[in-house]
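Inspection log for the structure reproduced underneath, given as structure tokens.
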Number of protein chains: 2
Amino acid sequence: MKNTKFPQSGRARAVIERVSPEIDGGSFPIKRTTGEEVVVEADVFTDGHDKLSCRLLHRPAGADKWSEIAMAHQGNDCWQASFNVSGLGRHEYTVVAWVDRFLTWRHDISRREDEADILAALKVGIVLVEAAAQRAKGAKAETAALALKNWAAELSAATTPQARQLMAQSESLAELMAAHAERLFVTEYRRVLEVTVEIERARFSTWYEIFPRSCLTEGATHGSFAGVIEQLPYIAAMGFDVLYLPPIHPIGRGFRKGPNNSLKAGPNDHGSPWAIGAAEGGHREIHAELGSAEDFRRLVTEARSAGLEVAMDIAYQCSPDHPYVAQHPEWFRHRPDGSIQYAENPPKKYQDIYPFDYESDDWQALWAELKGVVDHWIGEGVRIFRVDNPHTKPFPFWGWLISAVQAEHPDTIFLAEAFTRPKIMHRLAKLGFTQSYTYFTWRNTKEELTEYFTELAQHDSREYFRPNLWPNTPDILPEFLQYGGRAGFMLRVALAATLGANYGIYGPAYELMEHEAIKPGSEEYLNSEKYQLRKRDLSQPDSLESYITRLNQIRRDNPALQSDWNLRFHPIDNPLMLCYSKTDGEETLVMVANLDPHNTQAGWIELPLEELGVLPEASFQAHDLLSGARFLWQGERNFVRLDPQASPLHILRLRRRVRSERDFDYFL
Amino acid sequence: MKNTKFPQSGRARAVIERVSPEIDGGSFPIKRTTGEEVVVEADVFTDGHDKLSCRLLHRPAGADKWSEIAMAHQGNDCWQASFNVSGLGRHEYTVVAWVDRFLTWRHDISRREDEADILAALKVGIVLVEAAAQRAKGAKAETAALALKNWAAELSAATTPQARQLMAQSESLAELMAAHAERLFVTEYRRVLEVTVEIERARFSTWYEIFPRSCLTEGATHGSFAGVIEQLPYIAAMGFDVLYLPPIHPIGRGFRKGPNNSLKAGPNDHGSPWAIGAAEGGHREIHAELGSAEDFRRLVTEARSAGLEVAMDIAYQCSPDHPYVAQHPEWFRHRPDGSIQYAENPPKKYQDIYPFDYESDDWQALWAELKGVVDHWIGEGVRIFRVDNPHTKPFPFWGWLISAVQAEHPDTIFLAEAFTRPKIMHRLAKLGFTQSYTYFTWRNTKEELTEYFTELAQHDSREYFRPNLWPNTPDILPEFLQYGGRAGFMLRVALAATLGANYGIYGPAYELMEHEAIKPGSEEYLNSEKYQLRKRDLSQPDSLESYITRLNQIRRDNPALQSDWNLRFHPIDNPLMLCYSKTDGEETLVMVANLDPHNTQAGWIELPLEELGVLPEASFQAHDLLSGARFLWQGERNFVRLDPQASPLHILRLRRRVRSERDFDYFL
């Protein structure tokens, strides 16, 4: 007889399918931050009418023992359970199920009608209960063993068969039997799935990007870490908690760029911090004018005292003067004439930048060295890394690097600066990048924002893709900010702060509303800090400092703004206005935005009050946390009018009546 | 340095994601019939701007060598290619990709502008072409090697750099380079996927179920295979190609059911053919009154000559008299008193049926024996098996059984008679059942039919779930047939025949419009053939014989009706009417149904003419293949009126004008 190789688990009759969350068949971990919940669902069923037991298993990766949670049947053969993650690092989860003879028997006996039938079935059940008593061994199970023996005796002894039939359905018997279940022919899901647990700042963070080169102390001609330290109170008071610095390493001199990206730099020009490496050193060294390693460590410490984590820029590329070039020419690609190949995007040439050759025969040494750079800065106290253009380096490298670093330092965060095609951005997120830059920077209309943020908040990709919203960056001064005036700047930062739990601005360019592009149609800043120092007056009277401070304070006070998944859009009958809400437990915030920075707009919003926990029949307060104004609303449709010059956004906290049955209702 | 274990394929920079079709992460094969196409899509991309080569690989399972097809980029990082399956059995497919240095260079040089740049790039390219010439070895590649050497020479020699730049972009050079590509650091998709290739009847079949017990030869009191043979011309002339027989084995005597499922059978009652096994034998033997093994083989042969394949019923259950009960008591479950457990669904008892205990310690012997049953009937010439209630037997068993049988006999077909919950029906299909019974039997309204058949024809599940539509079965006389009259019978068979490529009826109950249920609210036939013989007059004047003959003839003549995936619904402004089309190549059939069997209905249909290949501006013929009527239509909206007594369905063949530019257009 050919082809009669039997499957090992031929008697494992339970089927487990479609366990979620699961990314690409389990190829990648999902993401959570400490304390967050993982709701696991699975399709679980068996042949015939037998009853199943179904358990969710979870454990920290590497642990021997699983923690177990009973899954509950939700209907349509879908089962659900959840667990909360605690420790940082990788955790694992999976699902097991088996045909449960006790549960099957319990269901079966409940439907029997004649006494002989009940008595016959009882005999079967008593055997099952006695076997469970046998299984309950050891000191901890002594009570259970005794209780089960009693149950077996009582099932034989009660006066009428019907009484025993009722007894068979006891919840406490079922609990005892579940605790000592006979696990015959268990089906295990085809794979163990993973979750990466990161620090809370991975989910909720507020970034401020600043060029140390422009942070001048009194009388200085070049910015420094000391200058940054002087600005810490200003930045911290605005409510930011991540301070992101562009590269701080020695800047190359070969093919150095001048102001406004001109090809020739003058002798006093400072060049781009992304042209990393000079005779003084490379990715582990510090540009001398910014300060010493000691100064940097002091900045990290002082920032942390002010509630700010320093984020380091990781740009894996070299200037022609980088020490790697001489020490490891094998890490670069060579032209037929033997010279090292600079970066190109024909016909454009970037002669000041040498990319690494990740296909080099010496790739393992290169990878190890690049990880060494991260390790070095971790040693200097840095835990957050903003990675420059990760999509121009190989995907396997990032998967390896982030896993390796987080295995040793699970409190590190990596932000992917990849403004590129969607599948590429998603792949980087799957490979482990904690947060990702997004298309928010260019999404302005109601339709664009609704579609994009519905995807970010609701689609399966939210399991791994954590958006970090930037209304501007040193590379991108969007058209909307060039022409939207003060209201435009207020709108974009307010949208970022309320649509996303993670957002950031490039300051002080943002709060000072710098809006001049190098030329029409360009998104490059005029006199960009990328190529020169900028002296600024932070106390400018029209600065958005206090507006941003208020926004960030509201974010800190309201957990609803501290996660992404709770975002919902609501109808408003004006195409230039946007209405959305975020709910956390009892708390609901409703945001209404005027997307037109030039004109006052008004419209009727429509809220699903019952979903939001508000009694539809009673009137309720909508309290604008930004302006302090309070509106008395009633019913699902309410009118909103926004003058963008005052504030283009309402952040309305819905205040519910506590006791609607009383005449003198008061507000929470 | 911890955690620096490098991935083996660290330099494989191409990423391959989301290969489709793929079922449950590749756990199950997709299905095709011989000659059908498999369109494979994958998300494939790499870091940076380098160009990729991407290949679809396919081969018969077990073959050493892959066949390769270049995949084409469809935009948005999605690549596509397709292959046609030929041989029966399992085939495999997967995707590979790599960063292609030649394609990258070719793209790069096309964008270079100054002569020095072009010349420098040419040097790189010449090295690549010369290396390809080196790779082109062996007798077959001699010409290619020569051609590549010539190219290398020409690239160095042409008069101007610009001329050489153009040369670098030659298509014929690119083809040569593709044929001898340098496959450096190839990424293979994470798994090899499978396709099961079955015979054409798996995709397109027309079933007729008949009880041999009722096929009486002249003067006989019990039907027989000889009686079935006498009816073959009648059945074949109606256009059926599968003749499905309920179980033909000895019928048990213990607890035998009488007419209309009464608990006590009289001495002359015949019992249910599904109570399998008696002293005379079990699943390999034949009920003596039907004939001998020889008679059965004759039936198989005669049927095949008439264009009909015999389908055998596989019901894995035993009557209490089955020889297995005495020979293998260990294959059954026992009650505490030692007796064998009959089938129960408390409080209902089925004492005439003993189910197998698939959890028996002797399960492997049981499985082997059950496969032996299938093997036996394959030996007797049967290739099609209709499996009774597969959802009450373990899923692993079916996966094993069907794989094992099809590995030896890839021309076998298994139809799952599982009217149960959707995920269970889908699992059985994934495990290998060729075709599945469906909910069509109870889907009557426009909304129900549209939703269900959109799922069957369009959703991913179509890759493995092949519907077989039954308007009636011996177990199910739907309410619609009980009360819909002749028009109801015409409608349901016409819908089955045109909505699905596979359909069947239980006859002659169907064409003779038997519509009496055993009691109101029941779907059981009165005087069901399951428990008694039925004598019938097949020449009844109101028989649907000729209507069904016409339907089946149209199915044979029109390939559009021979597959399921091409079904599309179209608007019709009457909720009691349904409009749908099926297209195959140049041919389009438009079906319009009146779902109301009691009244004439009319409505305006709306067809996407351009999609259907009809010129919207010209008038065109809609030719009803059922009635022969021809309608001259123009534009997208046309009026349809259907008297259900005449025919509740149009099957309209759209006849397109061949030369619309001529005044004297004629019709194809």
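Chain lettering (A, B, ...) mirrors the order of the structure tokens, residue numbering begins at 1 for each chain separately, and ligand numbering begins at 1 in order of display.
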
Mind checking which residues fall within 12 Å of Lys535 of chain A, counting only C-alpha atoms, ignoring those fewer than 5 positions away in the same chain, and posting them as a list in words?
Phe211, Pro212, Arg213, Ser214, Cys215, Leu216, Thr217, Glu218, Gly219, Ala220, Thr221, His222, Gly223, Gly227, Pro508, Ala509, Leu512, Asn527, Ser528 and Glu529 of chain A

Using only N, CA, C and O atoms, please write the residues we just selected to a file, as an mmCIF file, in the first residue's frame.
```cif
data_model
loop_
_atom_site.group_PDB
_atom_site.id
_atom_site.type_symbol
_atom_site.label_atom_id
_atom_site.label_comp_id
_atom_site.auth_asym_id
_atom_site.auth_seq_id
_atom_site.Cartn_x
_atom_site.Cartn_y
_atom_site.Cartn_z
ATOM 1 N N PHE A 211 19.133 72.095 15.283
ATOM 2 C CA PHE A 211 20.538 72.042 14.842
ATOM 3 C C PHE A 211 21.411 72.650 15.926
ATOM 4 O O PHE A 211 21.347 73.858 16.162
ATOM 5 N N PRO A 212 22.245 71.854 16.577
ATOM 6 C CA PRO A 212 23.143 72.416 17.592
ATOM 7 C C PRO A 212 24.015 73.542 17.018
ATOM 8 O O PRO A 212 24.373 74.467 17.739
ATOM 9 N N ARG A 213 24.305 73.460 15.717
ATOM 10 C CA ARG A 213 25.177 74.473 15.110
ATOM 11 C C ARG A 213 24.598 75.883 15.249
ATOM 12 O O ARG A 213 25.330 76.864 15.218
ATOM 13 N N SER A 214 23.278 75.959 15.402
ATOM 14 C CA SER A 214 22.638 77.268 15.527
ATOM 15 C C SER A 214 22.360 77.664 16.971
ATOM 16 O O SER A 214 21.784 78.715 17.225
ATOM 17 N N CYS A 215 22.731 76.810 17.918
ATOM 18 C CA CYS A 215 22.464 77.112 19.322
ATOM 19 C C CYS A 215 23.680 77.827 19.898
ATOM 20 O O CYS A 215 24.591 77.200 20.475
ATOM 21 N N LEU A 216 23.680 79.132 19.728
ATOM 22 C CA LEU A 216 24.846 79.917 20.102
ATOM 23 C C LEU A 216 24.744 80.413 21.536
ATOM 24 O O LEU A 216 23.719 80.960 21.933
ATOM 25 N N THR A 217 25.794 80.200 22.267
ATOM 26 C CA THR A 217 25.863 80.834 23.584
ATOM 27 C C THR A 217 26.279 82.289 23.359
ATOM 28 O O THR A 217 26.758 82.661 22.275
ATOM 29 N N GLU A 218 26.092 83.084 24.375
ATOM 30 C CA GLU A 218 26.413 84.515 24.329
ATOM 31 C C GLU A 218 27.801 84.729 23.707
ATOM 32 O O GLU A 218 28.792 84.181 24.185
ATOM 33 N N GLY A 219 27.829 85.498 22.625
ATOM 34 C CA GLY A 219 29.114 85.888 22.036
ATOM 35 C C GLY A 219 29.754 84.855 21.138
ATOM 36 O O GLY A 219 30.752 85.131 20.485
ATOM 37 N N ALA A 220 29.194 83.631 21.080
ATOM 38 C CA ALA A 220 29.806 82.585 20.252
ATOM 39 C C ALA A 220 29.484 82.816 18.783
ATOM 40 O O ALA A 220 28.506 83.474 18.450
ATOM 41 N N THR A 221 30.346 82.264 17.897
ATOM 42 C CA THR A 221 30.075 82.381 16.463
ATOM 43 C C THR A 221 29.604 81.046 15.891
ATOM 44 O O THR A 221 29.240 80.961 14.729
ATOM 45 N N HIS A 222 29.646 79.988 16.670
ATOM 46 C CA HIS A 222 29.183 78.667 16.222
ATOM 47 C C HIS A 222 28.426 78.036 17.374
ATOM 48 O O HIS A 222 28.830 78.154 18.534
ATOM 49 N N GLY A 223 27.326 77.416 17.077
ATOM 50 C CA GLY A 223 26.526 76.759 18.112
ATOM 51 C C GLY A 223 27.261 75.607 18.752
ATOM 52 O O GLY A 223 28.281 75.130 18.236
ATOM 53 N N GLY A 227 25.156 75.535 24.044
ATOM 54 C CA GLY A 227 24.043 76.361 23.561
ATOM 55 C C GLY A 227 22.735 75.596 23.588
ATOM 56 O O GLY A 227 21.669 76.142 23.901
ATOM 57 N N PRO A 508 13.773 75.850 15.716
ATOM 58 C CA PRO A 508 12.712 76.845 15.915
ATOM 59 C C PRO A 508 12.071 77.321 14.611
ATOM 60 O O PRO A 508 11.209 78.192 14.647
ATOM 61 N N ALA A 509 12.500 76.699 13.455
ATOM 62 C CA ALA A 509 11.932 77.126 12.172
ATOM 63 C C ALA A 509 10.408 77.058 12.223
ATOM 64 O O ALA A 509 9.718 77.868 11.606
ATOM 65 N N LEU A 512 8.715 79.744 14.757
ATOM 66 C CA LEU A 512 8.960 81.094 14.238
ATOM 67 C C LEU A 512 8.396 81.245 12.816
ATOM 68 O O LEU A 512 8.591 82.268 12.170
ATOM 69 N N ASN A 527 18.165 79.520 2.661
ATOM 70 C CA ASN A 527 19.216 79.605 3.687
ATOM 71 C C ASN A 527 19.094 78.472 4.708
ATOM 72 O O ASN A 527 19.120 78.682 5.914
ATOM 73 N N SER A 528 18.943 77.269 4.154
ATOM 74 C CA SER A 528 18.707 76.096 5.004
ATOM 75 C C SER A 528 19.823 75.867 6.004
ATOM 76 O O SER A 528 21.015 75.962 5.667
ATOM 77 N N GLU A 529 19.424 75.540 7.193
ATOM 78 C CA GLU A 529 20.370 75.200 8.260
ATOM 79 C C GLU A 529 21.214 73.971 7.914
ATOM 80 O O GLU A 529 22.207 73.696 8.579
#
```

So which residues of segment 205-342 of chain B fall under strand (DSSP E) by DSSP, listed as a VMD selection string?
chain B and resid 205 to 209 242 to 245 309 to 314 317 to 318

Would you save the residues of that selection, restricted to all heavy atoms, as a compact mmCIF listing (two decimals), in the first residue's frame?
```txt
# COMPACT_ATOMS: atom_id res chain seq x y z
N SER B 205 -19.01 20.23 -14.67
CA SER B 205 -19.68 18.94 -14.60
C SER B 205 -21.16 19.14 -14.33
O SER B 205 -21.58 20.15 -13.77
CB SER B 205 -19.06 18.08 -13.49
OG SER B 205 -19.25 18.69 -12.23
N THR B 206 -21.95 18.15 -14.75
CA THR B 206 -23.40 18.26 -14.66
C THR B 206 -23.89 16.92 -14.11
O THR B 206 -23.77 15.90 -14.77
CB THR B 206 -23.98 18.55 -16.07
OG1 THR B 206 -23.22 19.60 -16.68
CG2 THR B 206 -25.42 18.99 -15.97
N TRP B 207 -24.37 16.97 -12.86
CA TRP B 207 -24.64 15.75 -12.11
C TRP B 207 -26.11 15.37 -12.12
O TRP B 207 -26.99 16.22 -12.03
CB TRP B 207 -24.19 15.91 -10.66
CG TRP B 207 -22.70 16.06 -10.45
CD1 TRP B 207 -21.86 16.93 -11.09
CD2 TRP B 207 -21.91 15.33 -9.51
NE1 TRP B 207 -20.58 16.78 -10.62
CE2 TRP B 207 -20.58 15.81 -9.64
CE3 TRP B 207 -22.17 14.32 -8.58
CZ2 TRP B 207 -19.53 15.32 -8.86
CZ3 TRP B 207 -21.12 13.83 -7.81
CH2 TRP B 207 -19.81 14.32 -7.95
N TYR B 208 -26.33 14.08 -12.16
CA TYR B 208 -27.68 13.54 -12.04
C TYR B 208 -27.64 12.46 -10.98
O TYR B 208 -26.89 11.49 -11.10
CB TYR B 208 -28.13 12.97 -13.39
CG TYR B 208 -29.60 12.62 -13.47
CD1 TYR B 208 -30.57 13.61 -13.70
CD2 TYR B 208 -30.04 11.29 -13.34
CE1 TYR B 208 -31.92 13.30 -13.79
CE2 TYR B 208 -31.40 10.97 -13.43
CZ TYR B 208 -32.33 11.97 -13.65
OH TYR B 208 -33.67 11.66 -13.75
N GLU B 209 -28.41 12.65 -9.91
CA GLU B 209 -28.42 11.67 -8.83
C GLU B 209 -29.64 10.78 -9.00
O GLU B 209 -30.76 11.27 -9.18
CB GLU B 209 -28.50 12.38 -7.47
CG GLU B 209 -28.64 11.41 -6.29
CD GLU B 209 -28.52 12.09 -4.93
OE1 GLU B 209 -28.41 13.34 -4.91
OE2 GLU B 209 -28.52 11.38 -3.91
N VAL B 242 -22.30 13.27 -15.13
CA VAL B 242 -21.95 12.49 -13.94
C VAL B 242 -23.24 11.83 -13.43
O VAL B 242 -24.27 12.49 -13.30
CB VAL B 242 -21.35 13.35 -12.81
CG1 VAL B 242 -21.04 12.49 -11.59
CG2 VAL B 242 -20.07 14.07 -13.28
N LEU B 243 -23.16 10.53 -13.20
CA LEU B 243 -24.31 9.79 -12.71
C LEU B 243 -24.00 9.36 -11.28
O LEU B 243 -23.18 8.47 -11.06
CB LEU B 243 -24.53 8.56 -13.59
CG LEU B 243 -25.72 7.67 -13.20
CD1 LEU B 243 -27.04 8.40 -13.42
CD2 LEU B 243 -25.69 6.37 -14.00
N TYR B 244 -24.63 10.03 -10.33
CA TYR B 244 -24.28 9.79 -8.94
C TYR B 244 -25.29 8.85 -8.28
O TYR B 244 -26.49 9.12 -8.25
CB TYR B 244 -24.18 11.13 -8.19
CG TYR B 244 -24.43 11.06 -6.72
CD1 TYR B 244 -23.89 10.03 -5.92
CD2 TYR B 244 -25.19 12.02 -6.09
CE1 TYR B 244 -24.15 9.96 -4.57
CE2 TYR B 244 -25.45 11.97 -4.73
CZ TYR B 244 -24.94 10.93 -3.98
OH TYR B 244 -25.21 10.86 -2.64
N LEU B 245 -24.78 7.76 -7.73
CA LEU B 245 -25.61 6.75 -7.09
C LEU B 245 -25.47 6.82 -5.57
O LEU B 245 -24.35 6.76 -5.05
CB LEU B 245 -25.17 5.35 -7.53
CG LEU B 245 -25.00 5.10 -9.03
CD1 LEU B 245 -24.54 3.66 -9.27
CD2 LEU B 245 -26.31 5.38 -9.77
N GLU B 309 -19.89 9.60 -16.21
CA GLU B 309 -19.03 8.95 -15.23
C GLU B 309 -19.89 8.58 -14.03
O GLU B 309 -20.66 9.41 -13.54
CB GLU B 309 -17.96 9.92 -14.73
CG GLU B 309 -16.69 9.99 -15.54
CD GLU B 309 -15.95 8.67 -15.67
OE1 GLU B 309 -15.72 7.99 -14.65
OE2 GLU B 309 -15.63 8.31 -16.82
N VAL B 310 -19.74 7.36 -13.53
CA VAL B 310 -20.47 6.97 -12.33
C VAL B 310 -19.79 7.56 -11.10
O VAL B 310 -18.57 7.45 -10.95
CB VAL B 310 -20.58 5.44 -12.21
CG1 VAL B 310 -21.06 5.03 -10.82
CG2 VAL B 310 -21.51 4.90 -13.28
N ALA B 311 -20.57 8.23 -10.23
CA ALA B 311 -20.04 8.73 -8.96
C ALA B 311 -20.59 7.87 -7.84
O ALA B 311 -21.79 7.60 -7.77
CB ALA B 311 -20.45 10.18 -8.74
N MET B 312 -19.66 7.43 -6.99
CA MET B 312 -19.99 6.53 -5.89
C MET B 312 -20.16 7.35 -4.62
O MET B 312 -19.45 8.32 -4.40
CB MET B 312 -18.81 5.57 -5.77
CG MET B 312 -18.63 4.83 -4.49
SD MET B 312 -19.75 3.42 -4.39
CE MET B 312 -19.08 2.39 -5.68
N ASP B 313 -21.11 6.94 -3.79
CA ASP B 313 -21.31 7.60 -2.50
C ASP B 313 -20.38 6.97 -1.47
O ASP B 313 -20.33 5.74 -1.35
CB ASP B 313 -22.77 7.44 -2.06
CG ASP B 313 -23.12 8.35 -0.90
OD1 ASP B 313 -22.47 8.23 0.16
OD2 ASP B 313 -24.03 9.17 -1.05
N ILE B 314 -19.61 7.79 -0.77
CA ILE B 314 -18.76 7.30 0.30
C ILE B 314 -19.33 7.79 1.62
O ILE B 314 -19.26 8.98 1.95
CB ILE B 314 -17.31 7.82 0.13
CG1 ILE B 314 -16.66 7.25 -1.12
CG2 ILE B 314 -16.47 7.50 1.37
CD1 ILE B 314 -16.28 5.79 -1.03
N GLN B 317 -19.83 5.05 7.70
CA GLN B 317 -20.61 4.72 8.89
C GLN B 317 -21.14 3.31 8.69
O GLN B 317 -21.17 2.80 7.57
CB GLN B 317 -21.74 5.72 9.07
CG GLN B 317 -22.68 5.77 7.87
CD GLN B 317 -23.62 6.96 7.92
OE1 GLN B 317 -23.35 7.95 8.59
NE2 GLN B 317 -24.71 6.86 7.21
N CYS B 318 -21.57 2.69 9.78
CA CYS B 318 -21.95 1.27 9.71
C CYS B 318 -23.34 1.06 10.31
O CYS B 318 -23.71 1.72 11.27
CB CYS B 318 -20.96 0.43 10.50
SG CYS B 318 -19.29 0.54 9.83
```

Can you list, as a ChimeraX atom specification, every protein, DNA or RNA residue that comes within 12 Å of Val592 of chain A when you count only C-alpha atoms, leaving out same-chain residues fewer than 4 positions away?
/A:446,491,494-495,498-499,569-574,576-582,601-607,622,624,626,638-644,647-653

Taking only residues of chain B that have an atom at most 6 Å from an atom of chain A, what is each one's shortest atom pair and its distance in Å to one decimal, using only C-alpha atoms, in chain and number order, as a Markdown table?
```
| residue | atom | partner | partner_atom | distance |
| --- | --- | --- | --- | --- |
| B:Asn3 | CA | A:Ala404 | CA | 5.1 |
| B:Gly10 | CA | A:Pro396 | CA | 5.7 |
| B:Arg11 | CA | A:Glu359 | CA | 5.6 |
| B:Arg13 | CA | A:Pro394 | CA | 5.5 |
| B:Gly25 | CA | A:Gly25 | CA | 5.1 |
| B:Asp47 | CA | A:Thr392 | CA | 4.8 |
| B:Gly48 | CA | A:Thr392 | CA | 4.1 |
| B:Arg111 | CA | A:Pro346 | CA | 5.5 |
| B:Arg112 | CA | A:Pro347 | CA | 5.0 |
| B:Pro346 | CA | A:Arg111 | CA | 5.5 |
| B:Pro347 | CA | A:Arg112 | CA | 5.0 |
| B:Glu359 | CA | A:Arg11 | CA | 5.6 |
| B:His391 | CA | A:Asp47 | CA | 5.2 |
| B:Thr392 | CA | A:Gly48 | CA | 4.1 |
| B:Lys393 | CA | A:Asp47 | CA | 5.7 |
| B:Pro394 | CA | A:Arg13 | CA | 5.5 |
| B:Pro396 | CA | A:Gly10 | CA | 5.7 |
| B:Ala404 | CA | A:Asn3 | CA | 5.1 |
```

Restricting the calculation to only C-alpha atoms: of A:Ile340, A:Leu589, A:Ile286, A:Ala131, which residue gets closest to Trp377 of chain A?
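Under the stated criterion, the closest residue is A:Ile286.
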
Which neighbours of Val96 of chain A fall inside 6 Å, counting only C-alpha atoms, when residues of the same chain fewer than 3 positions from it are skipped, and could you give them as an MDAnalysis selection string?
chainID A and resid 54:55 187:188

Can you spit out the residues from that selection as a PDB file, in the first residue's frame, using C-alpha atoms?
```
ATOM      1  CA  CYS A  54      -9.047  26.572  23.390  1.00  0.00           C
ATOM      2  CA  ARG A  55      -6.162  28.337  25.095  1.00  0.00           C
ATOM      3  CA  THR A 187      -3.619  20.790  18.135  1.00  0.00           C
ATOM      4  CA  GLU A 188      -0.962  23.495  18.191  1.00  0.00           C
TER       5      GLU A 188
END
```

Can you tell me which residues surround Thr94 of chain B at a distance of at most 9 Å, considering only C-alpha atoms, apart from same-chain residues fewer than 4 positions away, and format the answer as a count of residues only?
13

Spatial neighbours of Glu617 of chain B, max dist 7 Å, only C-alpha atoms, sep filter under 2 positions, as a ChimeraX atom specification
/B:615,619,635

Please identify all polymer residues within 10 Å of Pro329 of chain B, counting only C-alpha atoms, omitting same-chain residues fewer than 3 positions from it, and present them as a ChimeraX atom specification.
/B:323-326,332-334,339-340,356-357

Selection file, N, CA and C atoms, as a compact mmCIF listing (two decimals), in the first residue's frame:
```txt
# COMPACT_ATOMS: atom_id res chain seq x y z
N PRO B 323 -20.06 -6.09 9.01
CA PRO B 323 -19.03 -7.03 9.45
C PRO B 323 -17.93 -6.38 10.30
N TYR B 324 -17.64 -5.08 10.07
CA TYR B 324 -16.62 -4.40 10.89
C TYR B 324 -16.95 -4.49 12.38
N VAL B 325 -18.25 -4.48 12.71
CA VAL B 325 -18.64 -4.40 14.12
C VAL B 325 -18.11 -5.61 14.89
N ALA B 326 -18.23 -6.79 14.26
CA ALA B 326 -17.72 -7.99 14.92
C ALA B 326 -16.20 -8.12 14.76
N PHE B 332 -14.89 1.28 17.11
CA PHE B 332 -16.12 1.98 17.52
C PHE B 332 -15.98 2.40 18.97
N ARG B 333 -16.79 3.36 19.37
CA ARG B 333 -16.77 3.81 20.76
C ARG B 333 -17.74 2.92 21.54
N HIS B 334 -17.39 2.67 22.80
CA HIS B 334 -18.21 1.78 23.61
C HIS B 334 -18.85 2.54 24.75
N SER B 339 -21.60 -2.01 25.35
CA SER B 339 -22.24 -1.98 24.03
C SER B 339 -21.61 -0.88 23.18
N ILE B 340 -21.80 -1.02 21.87
CA ILE B 340 -21.22 -0.02 20.98
C ILE B 340 -22.11 1.21 20.93
N PHE B 356 -17.68 5.59 13.30
CA PHE B 356 -16.35 5.11 13.68
C PHE B 356 -15.78 5.98 14.80
N ASP B 357 -14.90 5.39 15.61
CA ASP B 357 -14.18 6.16 16.62
C ASP B 357 -12.80 6.48 16.06
```

List every residue of segment 443-482 of chain A that DSSP, applied to the backbone of this structure, places in helix (DSSP H, G or I), and write the result as a list in words.
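Answer for segment 443-482 of chain A restricted to helix (DSSP H, G or I) is Lys446, Glu447, Glu448, Leu449, Thr450, Glu451, Tyr452, Phe453, Thr454, Glu455, Leu456, Ala457, Gln458, Asp460, Ser461, Arg462, Glu463, Glu479, Phe480, Leu481 and Gln482 of chain A.
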
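Atom to atom, atom CA of Leu567 of chain A and atom CA of Thr588 of chain A stand 10.5 Å apart.
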
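Relative to atom CA of Trp442 of chain B, atom CA of Tyr525 of chain B is found at 15.8 Å.
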
Out of A:Tyr506, A:Ser272, A:Phe414, A:Ile16, which residue has the shortest atom-to-atom distance to Asn260 of chain A when counting only C-alpha atoms?
A:Ser272

Rows by chain and residue number, segment 486-538 of chain A within 10 Å of segment 456-480 of chain A, shortest pair, only C-alpha atoms, as CSV:
```
residue,atom,partner,partner_atom,distance
A:Gly488,CA,A:Phe480,CA,6.8
A:Phe489,CA,A:Phe480,CA,8.5
A:Leu491,CA,A:Pro471,CA,9.6
A:Arg492,CA,A:Pro471,CA,5.9
A:Val493,CA,A:Pro471,CA,6.3
A:Ala494,CA,A:Pro471,CA,9.6
A:Leu495,CA,A:Pro471,CA,8.8
A:Ala496,CA,A:Leu469,CA,5.7
A:Ala497,CA,A:Leu469,CA,8.1
A:Leu499,CA,A:Leu469,CA,8.5
A:Gly500,CA,A:Leu469,CA,6.5
A:Ala501,CA,A:Asn468,CA,7.6
A:Asn502,CA,A:Asn468,CA,4.7
A:Tyr503,CA,A:Leu469,CA,4.3
A:Gly504,CA,A:Trp470,CA,5.1
A:Ile505,CA,A:Trp470,CA,5.7
A:Tyr506,CA,A:Thr473,CA,5.2
A:Gly507,CA,A:Thr473,CA,8.6
A:Ala509,CA,A:Pro474,CA,8.7
A:Tyr510,CA,A:Asn472,CA,7.3
A:Glu514,CA,A:Leu477,CA,8.8
A:His515,CA,A:Leu477,CA,7.0
A:Glu516,CA,A:Leu477,CA,8.3
A:Ala517,CA,A:Leu477,CA,7.0
A:Ile518,CA,A:Leu477,CA,9.9
A:Pro520,CA,A:Glu479,CA,9.4
A:Gly521,CA,A:Glu479,CA,7.9
A:Ser522,CA,A:Glu479,CA,8.2
A:Glu523,CA,A:Leu477,CA,4.8
A:Glu524,CA,A:Ile476,CA,5.9
A:Tyr525,CA,A:Leu477,CA,6.1
A:Leu526,CA,A:Leu477,CA,9.6
A:Ser528,CA,A:Pro474,CA,7.2
A:Glu529,CA,A:Pro474,CA,7.3
A:Lys530,CA,A:Pro474,CA,6.9
```
